[in-house]
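Asker: Here you go, query_22.cif (mmCIF, C-alpha atoms):
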```
data_data
#
loop_
_atom_site.label_atom_id
_atom_site.label_comp_id
_atom_site.auth_asym_id
_atom_site.auth_seq_id
_atom_site.Cartn_x
_atom_site.Cartn_y
_atom_site.Cartn_z
CA MET Z 1 -17.36 7.88 -21.35
CA PRO Z 2 -20.39 8.27 -19.05
CA SER Z 3 -20.74 5.77 -16.21
CA MET Z 4 -22.92 2.71 -16.70
CA PRO Z 5 -26.63 3.06 -15.91
CA PRO Z 6 -28.14 1.19 -12.93
CA PRO Z 7 -27.98 -2.56 -13.58
CA ILE Z 8 -31.70 -3.27 -13.89
CA PRO Z 9 -33.83 -0.16 -14.37
CA ASP Z 10 -37.33 -0.41 -12.91
CA PRO Z 11 -39.01 -0.26 -16.35
CA GLU Z 12 -37.39 -3.61 -17.17
CA ALA Z 13 -38.14 -5.47 -13.95
CA THR Z 14 -40.83 -7.75 -15.46
CA TYR Z 15 -41.82 -8.91 -18.92
CA LEU Z 16 -45.00 -6.82 -18.93
CA LEU Z 17 -43.07 -3.72 -17.89
CA ARG Z 18 -40.54 -4.34 -20.67
CA CYS Z 19 -43.36 -4.67 -23.19
CA TRP Z 20 -44.84 -1.39 -21.96
CA ARG Z 21 -41.43 0.27 -22.18
CA ILE Z 22 -41.04 -0.78 -25.82
CA TYR Z 23 -44.59 0.33 -26.58
CA SER Z 24 -43.89 3.76 -25.07
CA MET Z 25 -40.89 4.05 -27.39
CA ILE Z 26 -42.85 3.38 -30.59
CA LYS Z 27 -46.03 5.37 -29.86
CA PRO Z 28 -46.96 7.87 -32.60
CA ASP Z 29 -46.24 10.85 -30.34
CA THR Z 30 -42.73 9.48 -29.72
CA VAL Z 31 -42.10 8.92 -33.44
CA LEU Z 32 -43.01 12.56 -34.11
CA ALA Z 33 -40.85 14.00 -31.30
CA SER Z 34 -38.89 17.05 -32.40
CA PRO Z 35 -35.12 17.47 -31.93
CA ALA Z 36 -35.86 20.25 -29.42
CA SER Z 37 -38.06 17.90 -27.37
CA ILE Z 38 -35.34 15.26 -27.33
CA ALA Z 39 -32.72 17.81 -26.23
CA LEU Z 40 -35.04 18.94 -23.43
CA ALA Z 41 -35.66 15.32 -22.41
CA LYS Z 42 -31.89 14.75 -22.13
CA ALA Z 43 -31.56 17.84 -19.95
CA VAL Z 44 -34.41 16.71 -17.69
CA LYS Z 45 -33.19 13.13 -17.32
CA TYR Z 46 -29.42 13.52 -17.22
CA GLU Z 47 -28.89 17.06 -15.98
CA GLY Z 48 -31.77 17.40 -13.55
CA ALA Z 49 -33.33 20.30 -15.46
CA LYS Z 50 -36.87 21.35 -14.54
CA ASP Z 51 -39.40 22.29 -17.18
CA ALA Z 52 -43.18 22.41 -16.86
CA SER Z 53 -43.62 21.18 -20.43
CA MET Z 54 -41.60 17.97 -19.91
CA SER Z 55 -42.45 15.40 -17.24
CA THR Z 56 -39.85 12.92 -16.05
CA ALA Z 57 -41.94 10.07 -17.51
CA ARG Z 58 -41.97 11.73 -20.93
CA ALA Z 59 -38.25 12.43 -20.68
CA ASP Z 60 -37.65 8.74 -19.97
CA GLU Z 61 -39.71 7.74 -23.02
CA LEU Z 62 -37.82 10.02 -25.38
CA CYS Z 63 -34.39 9.20 -23.98
CA SER Z 64 -35.07 5.45 -24.11
CA SER Z 65 -35.84 5.77 -27.80
CA TYR Z 66 -33.47 8.47 -29.04
CA VAL Z 67 -30.51 8.52 -26.64
CA HIS Z 68 -27.88 5.78 -26.49
CA SER Z 69 -27.73 4.55 -22.91
CA GLN Z 70 -23.90 4.35 -22.86
CA SER Z 71 -22.67 7.26 -24.96
CA LEU Z 72 -25.68 9.53 -24.28
CA GLN Z 73 -25.46 10.53 -27.94
CA THR Z 74 -28.72 11.30 -29.74
CA ILE Z 75 -29.63 8.60 -32.29
CA PRO Z 76 -30.91 10.00 -35.63
CA HIS Z 77 -34.69 9.68 -36.00
CA PRO Z 78 -34.85 6.99 -38.73
CA LEU Z 79 -32.42 4.77 -36.79
CA ALA Z 80 -34.04 5.13 -33.37
CA VAL Z 81 -36.19 2.35 -31.90
CA SER Z 82 -39.28 4.56 -32.15
CA TRP Z 83 -39.01 4.50 -35.93
CA ILE Z 84 -39.33 0.73 -36.18
CA LEU Z 85 -42.99 1.11 -37.19
CA PRO Z 86 -42.70 3.58 -40.09
CA MET Z 87 -39.44 2.12 -41.41
CA ASN Z 88 -40.69 -1.46 -41.34
CA ILE Z 89 -43.99 -0.55 -42.96
CA VAL Z 90 -42.03 0.77 -45.92
CA LEU Z 91 -39.21 -1.79 -46.01
CA GLY Z 92 -41.12 -4.86 -44.86
CA GLY Z 93 -44.04 -4.06 -47.12
CA GLY Z 94 -41.68 -3.54 -50.02
CA MET Z 95 -40.01 -6.90 -49.51
CA VAL Z 96 -43.27 -8.80 -49.29
CA GLN Z 97 -44.78 -7.06 -52.30
CA ALA Z 98 -41.61 -7.69 -54.31
CA SER Z 99 -41.65 -11.34 -53.31
CA LEU Z 100 -45.26 -11.76 -54.41
CA THR Z 101 -44.48 -10.34 -57.87
CA GLY Z 102 -41.79 -12.97 -58.40
CA SER Z 103 -39.52 -10.36 -60.01
CA LEU Z 104 -35.89 -11.13 -59.21
CA PRO Z 105 -34.70 -7.50 -59.72
CA LEU Z 106 -37.43 -6.18 -57.39
CA ILE Z 107 -36.66 -8.87 -54.81
CA ALA Z 108 -32.95 -7.96 -54.88
CA LEU Z 109 -33.64 -4.22 -54.67
CA SER Z 110 -36.00 -4.64 -51.71
CA GLN Z 111 -33.42 -6.73 -49.85
CA VAL Z 112 -30.69 -4.15 -50.49
CA GLY Z 113 -32.93 -1.41 -49.10
CA ASN Z 114 -33.78 -3.42 -46.00
CA GLN Z 115 -30.18 -4.38 -45.23
CA THR Z 116 -29.00 -0.81 -45.75
CA TYR Z 117 -31.40 0.26 -43.04
CA ASN Z 118 -30.54 -2.70 -40.80
CA VAL Z 119 -26.79 -2.13 -40.83
CA LEU Z 120 -27.26 1.54 -39.94
CA HIS Z 121 -29.83 0.72 -37.26
CA PHE Z 122 -27.68 -1.97 -35.65
CA TYR Z 123 -24.66 0.31 -35.69
CA ALA Z 124 -26.54 3.20 -34.09
CA ASN Z 125 -27.85 0.94 -31.31
CA ARG Z 126 -24.69 -1.12 -30.75
CA ASN Z 127 -22.96 -1.78 -27.45
CA TYR Z 128 -20.13 0.79 -27.16
CA THR Z 129 -17.73 -1.50 -25.30
CA GLY Z 130 -16.23 -2.84 -28.50
CA ASP Z 131 -16.69 -0.28 -31.25
CA SER Z 132 -16.83 -1.46 -34.86
CA ASP Z 133 -14.62 0.31 -37.40
CA LEU Z 134 -15.76 1.23 -40.90
CA SER Z 135 -14.18 -1.85 -42.47
CA THR Z 136 -16.21 -4.07 -40.16
CA VAL Z 137 -19.38 -2.16 -40.96
CA ALA Z 138 -18.69 -2.47 -44.69
CA ALA Z 139 -18.01 -6.21 -44.42
CA SER Z 140 -21.16 -6.70 -42.39
CA TYR Z 141 -23.22 -4.80 -44.93
CA ALA Z 142 -21.81 -6.70 -47.91
CA ALA Z 143 -22.33 -10.07 -46.25
CA ALA Z 144 -25.87 -9.25 -45.12
CA VAL Z 145 -26.86 -8.06 -48.59
CA ALA Z 146 -25.36 -11.15 -50.21
CA PHE Z 147 -27.05 -13.57 -47.81
CA SER Z 148 -30.43 -11.83 -47.92
CA ILE Z 149 -30.50 -11.63 -51.72
CA GLY Z 150 -29.25 -15.19 -52.05
CA GLY Z 151 -31.84 -16.47 -49.59
CA ALA Z 152 -34.74 -14.56 -51.14
CA MET Z 153 -33.83 -15.55 -54.70
CA GLY Z 154 -33.26 -19.14 -53.69
CA ILE Z 155 -36.76 -19.34 -52.26
CA GLU Z 156 -38.19 -17.62 -55.36
CA LYS Z 157 -36.57 -20.23 -57.60
CA LEU Z 158 -38.03 -22.98 -55.42
CA ALA Z 159 -41.42 -21.28 -55.63
CA ARG Z 160 -41.33 -21.23 -59.44
CA ALA Z 161 -40.83 -24.99 -59.49
CA SER Z 162 -43.33 -25.78 -56.74
CA LYS Z 163 -47.10 -26.07 -56.59
CA HIS Z 164 -46.86 -24.26 -53.26
CA ALA Z 165 -45.44 -21.09 -54.82
CA ALA Z 166 -47.72 -18.66 -52.94
CA ARG Z 167 -46.89 -20.18 -49.55
CA LEU Z 168 -43.16 -20.12 -50.25
CA ARG Z 169 -43.38 -16.48 -51.28
CA TYR Z 170 -45.08 -15.67 -47.97
CA VAL Z 171 -42.10 -16.96 -45.99
CA GLY Z 172 -39.39 -15.91 -48.44
CA PRO Z 173 -38.79 -12.39 -47.06
CA PHE Z 174 -38.77 -13.64 -43.46
CA ALA Z 175 -36.29 -16.42 -44.22
CA ALA Z 176 -33.99 -13.98 -46.04
CA VAL Z 177 -34.21 -11.34 -43.30
CA SER Z 178 -33.60 -13.91 -40.56
CA LEU Z 179 -30.51 -15.29 -42.29
CA ALA Z 180 -29.15 -11.80 -42.94
CA THR Z 181 -29.89 -10.68 -39.38
CA CYS Z 182 -27.68 -13.40 -37.94
CA VAL Z 183 -24.84 -12.55 -40.33
CA ASN Z 184 -25.27 -8.78 -40.08
CA MET Z 185 -25.40 -8.51 -36.31
CA GLY Z 186 -22.69 -11.12 -35.81
CA LEU Z 187 -20.25 -9.25 -38.05
CA MET Z 188 -21.31 -5.75 -37.06
CA ARG Z 189 -20.86 -6.45 -33.38
CA GLN Z 190 -18.07 -9.04 -33.62
CA ALA Z 191 -15.95 -7.06 -31.16
CA GLU Z 192 -18.51 -7.88 -28.46
CA ILE Z 193 -18.10 -11.58 -29.29
CA LEU Z 194 -14.32 -11.62 -29.66
CA GLU Z 195 -13.36 -9.03 -27.03
CA GLY Z 196 -16.37 -9.00 -24.71
CA VAL Z 197 -18.48 -6.27 -23.10
CA LYS Z 198 -18.21 -4.37 -19.85
CA VAL Z 199 -19.95 -5.97 -16.88
CA ALA Z 200 -20.75 -4.50 -13.47
CA ASP Z 201 -21.84 -5.80 -10.07
CA GLU Z 202 -25.15 -4.99 -8.42
CA PHE Z 203 -23.80 -1.65 -7.19
CA GLY Z 204 -22.79 -0.58 -10.70
CA ASP Z 205 -19.04 -0.97 -10.07
CA SER Z 206 -17.12 -2.20 -13.11
CA MET Z 207 -15.97 -5.82 -12.92
CA GLY Z 208 -14.12 -5.82 -16.24
CA VAL Z 209 -14.93 -7.23 -19.67
CA SER Z 210 -16.61 -10.57 -20.41
CA LYS Z 211 -16.71 -12.49 -23.71
CA VAL Z 212 -19.44 -14.75 -22.33
CA ALA Z 213 -21.64 -11.72 -21.70
CA GLY Z 214 -20.88 -10.42 -25.19
CA ARG Z 215 -21.88 -13.66 -26.88
CA THR Z 216 -24.99 -13.95 -24.73
CA GLY Z 217 -26.06 -10.40 -25.51
CA ILE Z 218 -25.65 -10.91 -29.26
CA GLY Z 219 -27.65 -14.13 -29.08
CA MET Z 220 -30.48 -12.36 -27.28
CA CYS Z 221 -30.50 -9.56 -29.84
CA VAL Z 222 -30.54 -11.93 -32.82
CA PHE Z 223 -33.36 -14.01 -31.35
CA SER Z 224 -35.54 -11.02 -30.48
CA ARG Z 225 -34.96 -9.40 -33.90
CA MET Z 226 -35.92 -12.61 -35.67
CA ALA Z 227 -39.02 -12.87 -33.50
CA THR Z 228 -39.85 -9.25 -34.31
CA ALA Z 229 -39.77 -9.96 -38.06
CA LEU Z 230 -41.67 -13.26 -37.97
CA VAL Z 231 -45.32 -12.23 -37.56
CA PRO Z 232 -45.30 -8.92 -39.52
CA MET Z 233 -43.68 -10.62 -42.50
CA ILE Z 234 -46.28 -13.37 -42.69
CA LEU Z 235 -49.61 -12.52 -41.03
CA PRO Z 236 -50.56 -9.32 -42.95
CA THR Z 237 -49.75 -11.01 -46.26
CA ILE Z 238 -51.91 -14.04 -45.49
CA ALA Z 239 -54.74 -11.80 -44.25
CA THR Z 240 -54.58 -9.70 -47.42
CA GLU Z 241 -54.52 -12.68 -49.75
CA HIS Z 242 -57.58 -14.06 -47.95
CA ALA Z 243 -59.35 -10.70 -48.17
CA LYS Z 244 -58.66 -10.47 -51.91
CA VAL Z 245 -60.80 -13.53 -52.62
CA THR Z 246 -63.48 -12.87 -50.01
CA TRP Z 247 -64.81 -9.58 -48.70
CA LEU Z 248 -62.42 -7.35 -50.72
CA LYS Z 249 -62.91 -9.31 -53.94
CA LYS Z 250 -64.92 -6.51 -55.55
CA LEU Z 251 -62.64 -3.74 -54.24
CA PRO Z 252 -59.25 -4.27 -55.92
CA ARG Z 253 -58.13 -0.72 -55.14
CA ALA Z 254 -58.46 -1.49 -51.42
CA HIS Z 255 -56.06 -4.44 -51.49
CA THR Z 256 -52.83 -2.45 -51.07
CA PRO Z 257 -54.19 -0.01 -48.42
CA PHE Z 258 -55.58 -2.99 -46.50
CA TYR Z 259 -52.19 -4.71 -46.58
CA PHE Z 260 -50.30 -1.70 -45.26
CA ALA Z 261 -52.94 -1.08 -42.57
CA ALA Z 262 -52.67 -4.71 -41.46
CA LEU Z 263 -48.87 -4.45 -41.48
CA ALA Z 264 -48.92 -1.29 -39.35
CA VAL Z 265 -51.28 -2.82 -36.78
CA THR Z 266 -49.26 -6.05 -36.64
CA ILE Z 267 -45.93 -4.26 -36.14
CA GLN Z 268 -47.41 -1.98 -33.47
CA LEU Z 269 -48.87 -4.92 -31.54
CA TRP Z 270 -46.09 -7.47 -32.09
CA THR Z 271 -42.96 -5.36 -31.59
CA PRO Z 272 -43.33 -4.81 -27.80
CA PRO Z 273 -43.78 -8.50 -26.85
CA SER Z 274 -40.95 -9.60 -29.16
CA LEU Z 275 -38.38 -6.91 -28.30
CA GLY Z 276 -39.39 -7.19 -24.65
CA LEU Z 277 -38.35 -10.84 -24.40
CA PHE Z 278 -35.04 -9.88 -22.77
CA ARG Z 279 -33.88 -7.02 -20.61
CA GLN Z 280 -31.70 -4.49 -22.37
CA HIS Z 281 -29.70 -4.12 -19.15
CA THR Z 282 -29.56 -7.80 -18.35
CA HIS Z 283 -27.42 -10.07 -16.17
CA LEU Z 284 -25.68 -13.44 -16.01
CA ALA Z 285 -24.84 -15.71 -13.12
CA VAL Z 286 -21.17 -15.24 -12.29
CA GLU Z 287 -20.68 -19.01 -12.00
CA GLY Z 288 -21.36 -19.38 -15.73
CA MET Z 289 -18.86 -16.69 -16.76
CA GLU Z 290 -15.08 -16.47 -16.94
CA PRO Z 291 -13.28 -17.76 -13.80
CA GLU Z 292 -11.85 -14.32 -12.90
CA PHE Z 293 -15.30 -13.05 -11.94
CA GLY Z 294 -15.93 -15.85 -9.45
CA SER Z 295 -14.20 -14.12 -6.54
CA TRP Z 296 -15.32 -10.54 -7.21
CA LYS Z 297 -15.95 -8.71 -3.95
CA GLN Z 298 -18.61 -6.02 -3.95
CA LYS Z 299 -18.30 -2.88 -1.86
CA ASP Z 300 -20.54 -4.35 0.84
CA GLY Z 301 -18.08 -7.22 1.27
CA THR Z 302 -20.20 -9.92 -0.39
CA VAL Z 303 -19.09 -12.02 -3.34
CA ALA Z 304 -20.96 -11.08 -6.53
CA THR Z 305 -23.36 -13.72 -7.80
CA LYS Z 306 -24.54 -11.78 -10.87
CA ALA Z 307 -22.87 -9.57 -13.44
CA TYR Z 308 -24.91 -6.91 -15.25
CA PHE Z 309 -24.37 -5.56 -18.74
CA ASN Z 310 -26.04 -3.71 -21.58
CA ARG Z 311 -26.81 -6.13 -24.42
CA GLY Z 312 -27.81 -3.34 -26.81
CA MET Z 313 -30.89 -3.41 -29.01
#
```
If you convert what's in this file into structure tokens, what do you get?
Answerer:
Amino acid sequence: MPSMPPPIPDPEATYLLRCWRIYSMIKPDTVLASPASIALAKAVKYEGAKDASMSTARADELCSSYVHSQSLQTIPHPLAVSWILPMNIVLGGGMVQASLTGSLPLIALSQVGNQTYNVLHFYANRNYTGDSDLSTVAASYAAAVAFSIGGAMGIEKLARASKHAARLRYVGPFAAVSLATCVNMGLMRQAEILEGVKVADEFGDSMGVSKVAGRTGIGMCVFSRMATALVPMILPTIATEHAKVTWLKKLPRAHTPFYFAALAVTIQLWTPPSLGLFRQHTHLAVEGMEPEFGSWKQKDGTVATKAYFNRGM
């Protein structure tokens, strides 16, 4: 297993820098990166290779998106962070459109598709300290699908009996996704909660494994993922419904293209500030962790006050 990366990489030092880092990972030219480009980026960043066609900045962008920071394994394109935009345009748009039709079979099918992607995405970007076996992945998937379908259909049934049906259908997909995200990530990465994750001092030396850090990391991931889904699930739909009865009233064929354009712009603009809320390589105060870390001596002779760890994405 490769050694842990530096505790707090420079690109994550401030909130604005974290937002820029996420943006650089979802830019169109990053989404379209070829396997050969990613392999070259790994060679430049991790092996010190020199190539005139690949700058160190570009190598960092591609590796941040396509290379797992712990295992250094290449993440398949559809599951990489850079593919959040195209995948969520298709899946998020499908869920919202299905919700607006009020068709229970379409709502269920859209939720199954979204959770299939989510479970694979979470697994590909998990923390490698506590690896999930296939039975855990299967249980996570089944639970997430059940909760998301149950939540979405429950809201649809409420909508059918309410005079606020349209408003409920706007929030239905988000409520279902949020519920399933908590269940999915909690089960998928339960080893990080039950067994903990590796933590290191400010010099990168391993301090051991912490359950507190594991729980904190999962909480950060769930919160940021819910925040990521909030605006794209609601704003483009409201904007489109408004456009249908105003300036696009006489252009019914433009309704769907307008919706997907609004969804793409919203995801592109909203993803960086929501995923950038927390550092990926974050830290905790030692005093709030397990007692055994309280007396950890660093190689310079000082007692560690912070423990650093990778919370995953």
Asker: Name the residues that the PyMOL selection byres ((chain Z and resi 203-215) around 8) picks from the file above, as a VMD selection string, using the file's chain letters and numbers.
Answerer: chain Z and resid 4 to 7 192 to 202 216 to 219 284 289 to 290 293 296 298 to 299 307 309 311
Asker: With all atoms listed in the file as the basis for distance, which of Z:Ala262, Z:Ala41, Z:Met313, Z:Leu62 is at the shortest distance from Gln280 of chain Z?
Answerer: Z:Met313
Asker: With the PyMOL selection byres ((chain Z and resi 23) around 10) as the selection, what would be picked from this file? Answer as a list in words, please.
Answerer: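 For this structure, the PyMOL selection byres ((chain Z and resi 23) around 10) resolves to Leu17, Arg18, Cys19, Trp20, Arg21, Ile22, Ser24, Met25, Ile26, Lys27, Pro28, Thr30, Glu61, Ser82, Gln268, Leu269, Trp270, Thr271, Pro272, Pro273, Leu275 and Gly276 of chain Z.
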Asker: Just want the 8 Å neighbourhood of Thr181 of chain Z, counted on only C-alpha atoms, with same-chain residues fewer than 6 positions away dropped. Output as a CSV table (one decimal) with C-alpha atoms, keeping the file's coordinate frame.
Answerer:
```csv
chain,number,residue,atom,x,y,z
Z,144,ALA,CA,-25.9,-9.2,-45.1
Z,222,VAL,CA,-30.5,-11.9,-32.8
Z,225,ARG,CA,-35.0,-9.4,-33.9
Z,226,MET,CA,-35.9,-12.6,-35.7
```
Asker: What does the distance from atom CA of Val231 of chain Z to atom CA of Val67 of chain Z come to in Å, to one decimal?
Answerer: 27.7 Å
